[in-house]
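Since the structure comes first, as structure tokens, the remarks are kept for the end.
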Amino acid sequence: MEYNQDTLRDSFGRLITYLRLSITDRCNLRCFYCMPQADFNWMPPRKILRFEEIVQLTRVLAKLGVKKVRFTGGEPLVRKDVVKLVADVNGLDGIKETCLTTNGVLLRSLASELFNAGLRHLNISLDTLRAKRFEQITGRDFFHQVWEGIEKSLELGFSPVKINFVMMRGKNDDEVVDFARLAQRFDLEVRFIEFMPIGKHSKWGKQHFLSSDEAKSLIEQELGRLVPVRREDDAGPADMYSLHGSAGKVGFISPLSHRFCSSCNRLRVTADGRVRLCLFSDLEFELRDLLRKGISDSHLSHFFSEIILRKPARYLTAKKKDVPSCDRQMSSIGG
Ligand code: SAM
Ligand code: SF4
Ligand code: SF4
């Protein structure tokens, strides 16, 4: 198969420049929509990619044109020495941007070290501003800790700080407007994410689904017109808007009601070292064994260039009629 050694391009012409790395499946929260509440077995530590393996795969991908890396999980901040990993990946030639998606529970204590390690882009997941409801959604009473983590991140100068809010009818749809107000008050990007059916034991149901369009109209009724913000070339999947007089912005991520697959630039590596070419496709490629057997950088480069040709054009809809879904749990894919 012919391929250009400096770029990773799939068979639909899409350039792959963004790597999402799940660095652990463990988590200090139990969000009901993400993890099973009981009978959950963490992956044994020997199955989780080691730091040197993560660095090798990222180095090779950076040579193939990957510029942006996101650390996710599970909860990435529960991984021991995560700050060192962030610093090591940040130091790789070709990596221009490192980002981290976190539930924010450990941010208050780790934010300064992460900033010093070169991290600037933070996504913090928060589905409610009400402490009691936080406990109902996440199974833990950590709302105030997370809020302090958000304040600390803004103080330190992380930019952008994005808040991920998963919209769930009957659970937190009455807070959509309050979250939009947050973006008026603070220099935050509040991103409203459509609830997705991920994982074999997903709690997803059509009755809990709230579309981006519905959320937009709830916000406009209360706070006035949402003004579209011009998209940067490497903009993510969110459609961004500003509100009159707002310090921050709001964004809408609509995997179920809109399609952004035609510009998909991403590749995922799970905590146990399997490459996923599409969030919704359970087709995975074993990478950990190759790394443990000492694969050379040039063979690894060849491996990525070959498998990328199997990236689907868009999510596959065969399983549940019109709704995309997948079997692997969100906590080991990382979003
Ligand atoms: N623990 C970290 C966190 O919560 O930010 C990182 C991993 S978490 C799996 C990544 C993101 O996926 C979070 O923003 C979470 O809210 C989102 N998420 C998890 N399950 C989801 C689902 N079924 N639909 C939409 N978003 C989901
Ligand atoms: Fe943990 Fe994030 Fe999943 Fe919540 S969404 S259980 S914080 S991995
Ligand atoms: Fe990319 Fe798959 Fe998400 Fe579409 S559904 S944007 S192809 S990861």
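All residue names refer to the structure tokens as shown: chains lettered A, B, ... in order, residues numbered from 1 in each chain, ligands numbered from 1 in order.
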
Any chance you could tabulate, as a tab-separated table, the residues of chain A at most 12 Å from ligand 3 with each one's nearest atom pair and distance in Å to one decimal, using only C-alpha atoms and all ligand atoms, in chain and rising number order?
residue	atom	partner	partner_atom_place_in_ligand_line	distance
A:Asp10	CA	ligand 3	7 (S)	10.9
A:Phe12	CA	ligand 3	7 (S)	10.7
A:Arg14	CA	ligand 3	7 (S)	10.0
A:Leu15	CA	ligand 3	1 (Fe)	11.6
A:Ile16	CA	ligand 3	1 (Fe)	10.3
A:Tyr18	CA	ligand 3	1 (Fe)	10.8
A:Leu19	CA	ligand 3	8 (S)	11.1
A:Arg20	CA	ligand 3	8 (S)	10.4
A:Met196	CA	ligand 3	5 (S)	10.8
A:Ile198	CA	ligand 3	5 (S)	11.6
A:Gly236	CA	ligand 3	6 (S)	9.6
A:Pro237	CA	ligand 3	6 (S)	7.6
A:Ala238	CA	ligand 3	6 (S)	11.1
A:Ile253	CA	ligand 3	6 (S)	10.5
A:Ser254	CA	ligand 3	6 (S)	10.1
A:Pro255	CA	ligand 3	5 (S)	6.9
A:Leu256	CA	ligand 3	5 (S)	9.0
A:Ser257	CA	ligand 3	5 (S)	11.6
A:His258	CA	ligand 3	4 (Fe)	10.1
A:Arg259	CA	ligand 3	4 (Fe)	7.0
A:Phe260	CA	ligand 3	6 (S)	5.2
A:Cys261	CA	ligand 3	4 (Fe)	3.5
A:Ser262	CA	ligand 3	4 (Fe)	7.1
A:Ser263	CA	ligand 3	6 (S)	7.2
A:Cys264	CA	ligand 3	1 (Fe)	4.4
A:Asn265	CA	ligand 3	1 (Fe)	7.0
A:Arg266	CA	ligand 3	1 (Fe)	6.4
A:Leu267	CA	ligand 3	8 (S)	7.5
A:Arg268	CA	ligand 3	8 (S)	8.4
A:Val269	CA	ligand 3	8 (S)	12.0
A:Val275	CA	ligand 3	8 (S)	11.9
A:Arg276	CA	ligand 3	8 (S)	8.6
A:Leu277	CA	ligand 3	8 (S)	6.7
A:Cys278	CA	ligand 3	8 (S)	3.7
A:Leu279	CA	ligand 3	8 (S)	4.3
A:Phe280	CA	ligand 3	5 (S)	5.7
A:Ser281	CA	ligand 3	2 (Fe)	7.1
A:Asp282	CA	ligand 3	2 (Fe)	10.6
A:Leu283	CA	ligand 3	2 (Fe)	11.3
A:Ile308	CA	ligand 3	7 (S)	11.7
A:Arg310	CA	ligand 3	7 (S)	11.1
A:Lys311	CA	ligand 3	7 (S)	7.4
A:Pro312	CA	ligand 3	7 (S)	6.2
A:Ala313	CA	ligand 3	7 (S)	5.9
A:Arg314	CA	ligand 3	7 (S)	4.1
A:Tyr315	CA	ligand 3	5 (S)	4.4
A:Leu316	CA	ligand 3	5 (S)	8.0
A:Thr317	CA	ligand 3	5 (S)	10.1
A:Val323	CA	ligand 3	5 (S)	11.1
A:Pro324	CA	ligand 3	5 (S)	8.0
A:Ser325	CA	ligand 3	5 (S)	9.5
A:Cys326	CA	ligand 3	5 (S)	10.5
A:Ile333	CA	ligand 3	8 (S)	11.2
A:Gly334	CA	ligand 3	8 (S)	11.8
A:Gly335	CA	ligand 3	8 (S)	9.6

Write out as an NGL selection string which residues come within 7 Å of segment 101-114 of chain A when counting only C-alpha atoms, dropping same-chain ones fewer than 2 positions away. :A and (71-72 or 75-77 or 83 or 99 or 116-119 or 122-126 or 142 or 145-146 or 148-149 or 152-153)

Name the closest residue to Asp25 of chain A among the candidates A:Arg79, A:Lys96, A:Lys162, A:Arg9; distances are taken between atoms, counting only C-alpha atoms. A:Arg79

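Among A:Lys203, A:Arg26, A:Arg225, A:Lys216, the residue with the shortest atom-to-atom distance to ligand 2, counting only C-alpha atoms and all ligand atoms, is A:Arg26.
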
Å distance separating atom CA of Cys27 of chain A from atom 7 (S, counted along the ligand's line) of ligand 2, one decimal place: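 About the pair atom CA of Cys27 of chain A and atom 7 (S, counted along the ligand's line) of ligand 2: they are 6.2 Å apart.
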
Using only C-alpha atoms, which residue out of A:Asp327, A:Ile23, A:Glu151, A:Phe32 lies closest to Leu100 of chain A?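 The closest residue to Leu100 of chain A is A:Ile23.
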
Got a sec to tell me which of segment 32-253 of chain A DSSP assigns to helix (DSSP H, G or I), as an MDAnalysis selection string? chainID A and resid 45:47 51:63 76:78 82:90 107:116 131:138 143:156 173:185 206:208 212:223

For C-alpha atoms, I'd like the residues from the last selection saved as a PDB file, in the first residue's frame.
ATOM      1  CA  PRO A  45      -2.243  -2.628  35.865  1.00  0.00           C
ATOM      2  CA  ARG A  46      -0.123  -4.878  33.603  1.00  0.00           C
ATOM      3  CA  LYS A  47      -2.656  -4.327  30.816  1.00  0.00           C
ATOM      4  CA  PHE A  51       4.586   5.780  30.138  1.00  0.00           C
ATOM      5  CA  GLU A  52       7.456   4.769  27.852  1.00  0.00           C
ATOM      6  CA  GLU A  53       4.984   2.993  25.563  1.00  0.00           C
ATOM      7  CA  ILE A  54       2.741   6.066  25.440  1.00  0.00           C
ATOM      8  CA  VAL A  55       5.724   8.256  24.667  1.00  0.00           C
ATOM      9  CA  GLN A  56       6.913   5.969  21.858  1.00  0.00           C
ATOM     10  CA  LEU A  57       3.547   5.790  20.153  1.00  0.00           C
ATOM     11  CA  THR A  58       3.059   9.540  20.473  1.00  0.00           C
ATOM     12  CA  ARG A  59       6.555  10.252  19.139  1.00  0.00           C
ATOM     13  CA  VAL A  60       5.846   8.150  16.064  1.00  0.00           C
ATOM     14  CA  LEU A  61       2.444   9.744  15.516  1.00  0.00           C
ATOM     15  CA  ALA A  62       3.981  13.206  15.899  1.00  0.00           C
ATOM     16  CA  LYS A  63       6.400  12.330  13.089  1.00  0.00           C
ATOM     17  CA  PRO A  76      -6.467  10.990  33.957  1.00  0.00           C
ATOM     18  CA  LEU A  77      -5.506  12.784  37.173  1.00  0.00           C
ATOM     19  CA  VAL A  78      -5.718   9.570  39.216  1.00  0.00           C
ATOM     20  CA  VAL A  82       0.521  12.099  35.296  1.00  0.00           C
ATOM     21  CA  VAL A  83       2.339  15.459  35.456  1.00  0.00           C
ATOM     22  CA  LYS A  84       5.556  13.830  34.278  1.00  0.00           C
ATOM     23  CA  LEU A  85       3.745  12.167  31.392  1.00  0.00           C
ATOM     24  CA  VAL A  86       2.236  15.501  30.346  1.00  0.00           C
ATOM     25  CA  ALA A  87       5.685  17.136  30.460  1.00  0.00           C
ATOM     26  CA  ASP A  88       7.289  14.303  28.447  1.00  0.00           C
ATOM     27  CA  VAL A  89       4.623  14.384  25.724  1.00  0.00           C
ATOM     28  CA  ASN A  90       4.750  18.176  25.638  1.00  0.00           C
ATOM     29  CA  LEU A 107      -7.480  19.793  39.918  1.00  0.00           C
ATOM     30  CA  ARG A 108      -7.218  22.073  42.907  1.00  0.00           C
ATOM     31  CA  SER A 109      -4.059  20.242  44.015  1.00  0.00           C
ATOM     32  CA  LEU A 110      -2.556  19.443  40.596  1.00  0.00           C
ATOM     33  CA  ALA A 111      -3.372  22.516  38.504  1.00  0.00           C
ATOM     34  CA  SER A 112      -0.132  24.413  39.230  1.00  0.00           C
ATOM     35  CA  GLU A 113       2.088  21.428  38.449  1.00  0.00           C
ATOM     36  CA  LEU A 114       0.181  20.733  35.235  1.00  0.00           C
ATOM     37  CA  PHE A 115       0.570  24.366  34.190  1.00  0.00           C
ATOM     38  CA  ASN A 116       4.315  24.163  34.875  1.00  0.00           C
ATOM     39  CA  ALA A 131     -24.158  19.913  45.170  1.00  0.00           C
ATOM     40  CA  LYS A 132     -26.913  17.401  45.963  1.00  0.00           C
ATOM     41  CA  ARG A 133     -27.538  16.677  42.299  1.00  0.00           C
ATOM     42  CA  PHE A 134     -23.801  16.353  41.715  1.00  0.00           C
ATOM     43  CA  GLU A 135     -23.787  13.536  44.233  1.00  0.00           C
ATOM     44  CA  GLN A 136     -26.776  11.881  42.562  1.00  0.00           C
ATOM     45  CA  ILE A 137     -25.117  12.002  39.133  1.00  0.00           C
ATOM     46  CA  THR A 138     -21.567  11.120  40.131  1.00  0.00           C
ATOM     47  CA  PHE A 143     -19.039  19.418  43.912  1.00  0.00           C
ATOM     48  CA  HIS A 144     -17.224  22.102  45.925  1.00  0.00           C
ATOM     49  CA  GLN A 145     -13.849  20.526  45.244  1.00  0.00           C
ATOM     50  CA  VAL A 146     -14.524  20.580  41.495  1.00  0.00           C
ATOM     51  CA  TRP A 147     -15.701  24.176  41.611  1.00  0.00           C
ATOM     52  CA  GLU A 148     -12.522  25.207  43.449  1.00  0.00           C
ATOM     53  CA  GLY A 149     -10.536  23.393  40.749  1.00  0.00           C
ATOM     54  CA  ILE A 150     -12.293  25.448  38.063  1.00  0.00           C
ATOM     55  CA  GLU A 151     -11.563  28.707  39.923  1.00  0.00           C
ATOM     56  CA  LYS A 152      -7.938  27.723  40.378  1.00  0.00           C
ATOM     57  CA  SER A 153      -7.548  26.907  36.670  1.00  0.00           C
ATOM     58  CA  LEU A 154      -8.881  30.312  35.670  1.00  0.00           C
ATOM     59  CA  GLU A 155      -6.634  32.056  38.205  1.00  0.00           C
ATOM     60  CA  LEU A 156      -3.550  30.269  36.889  1.00  0.00           C
ATOM     61  CA  ASP A 173     -32.068  20.009  31.439  1.00  0.00           C
ATOM     62  CA  ASP A 174     -33.367  22.624  33.925  1.00  0.00           C
ATOM     63  CA  GLU A 175     -29.751  23.862  34.283  1.00  0.00           C
ATOM     64  CA  VAL A 176     -28.993  24.522  30.619  1.00  0.00           C
ATOM     65  CA  VAL A 177     -29.640  28.244  31.021  1.00  0.00           C
ATOM     66  CA  ASP A 178     -27.640  28.424  34.276  1.00  0.00           C
ATOM     67  CA  PHE A 179     -24.649  26.934  32.471  1.00  0.00           C
ATOM     68  CA  ALA A 180     -25.004  29.449  29.651  1.00  0.00           C
ATOM     69  CA  ARG A 181     -24.966  32.162  32.337  1.00  0.00           C
ATOM     70  CA  LEU A 182     -21.649  30.771  33.553  1.00  0.00           C
ATOM     71  CA  ALA A 183     -20.186  31.632  30.157  1.00  0.00           C
ATOM     72  CA  GLN A 184     -21.559  35.151  30.519  1.00  0.00           C
ATOM     73  CA  ARG A 185     -19.849  35.600  33.886  1.00  0.00           C
ATOM     74  CA  LYS A 206     -34.465   8.507  23.868  1.00  0.00           C
ATOM     75  CA  GLN A 207     -36.445   9.846  26.829  1.00  0.00           C
ATOM     76  CA  HIS A 208     -33.204  11.303  28.280  1.00  0.00           C
ATOM     77  CA  SER A 212     -28.467  20.863  20.796  1.00  0.00           C
ATOM     78  CA  ASP A 213     -31.263  22.647  18.935  1.00  0.00           C
ATOM     79  CA  GLU A 214     -33.557  22.362  21.948  1.00  0.00           C
ATOM     80  CA  ALA A 215     -30.830  23.627  24.266  1.00  0.00           C
ATOM     81  CA  LYS A 216     -30.155  26.580  21.950  1.00  0.00           C
ATOM     82  CA  SER A 217     -33.760  27.623  21.982  1.00  0.00           C
ATOM     83  CA  LEU A 218     -33.976  27.326  25.788  1.00  0.00           C
ATOM     84  CA  ILE A 219     -30.959  29.635  26.046  1.00  0.00           C
ATOM     85  CA  GLU A 220     -32.203  32.137  23.466  1.00  0.00           C
ATOM     86  CA  GLN A 221     -35.601  32.414  25.166  1.00  0.00           C
ATOM     87  CA  GLU A 222     -33.905  33.499  28.399  1.00  0.00           C
ATOM     88  CA  LEU A 223     -30.678  35.201  27.403  1.00  0.00           C
TER      89      LEU A 223
END

Could you give me, as a VMD selection string, the residues within 10 Å of Val227 of chain A, counting only C-alpha atoms and dropping anything in the same chain fewer than 5 positions from it? chain A and resid 240 to 244 249 to 250

Please tabulate, as a tab-separated table, the residues of chain A that come within 6 Å of ligand 2, each with its closest pair of atoms and the distance in Å to one decimal, counting only C-alpha atoms and all ligand atoms and ordering rows by chain, then residue number upward.
residue	atom	partner	partner_atom_place_in_ligand_line	distance
A:Cys27	CA	ligand 2	1 (Fe)	4.8
A:Leu29	CA	ligand 2	1 (Fe)	4.8
A:Arg30	CA	ligand 2	6 (S)	4.3
A:Cys31	CA	ligand 2	6 (S)	4.1
A:Cys34	CA	ligand 2	3 (Fe)	4.6
A:Met35	CA	ligand 2	6 (S)	5.4
A:Gly73	CA	ligand 2	8 (S)	5.7
A:Gly74	CA	ligand 2	8 (S)	3.8
A:Glu75	CA	ligand 2	8 (S)	5.1
A:Asn103	CA	ligand 2	7 (S)	4.7
A:Ser331	CA	ligand 2	8 (S)	4.5
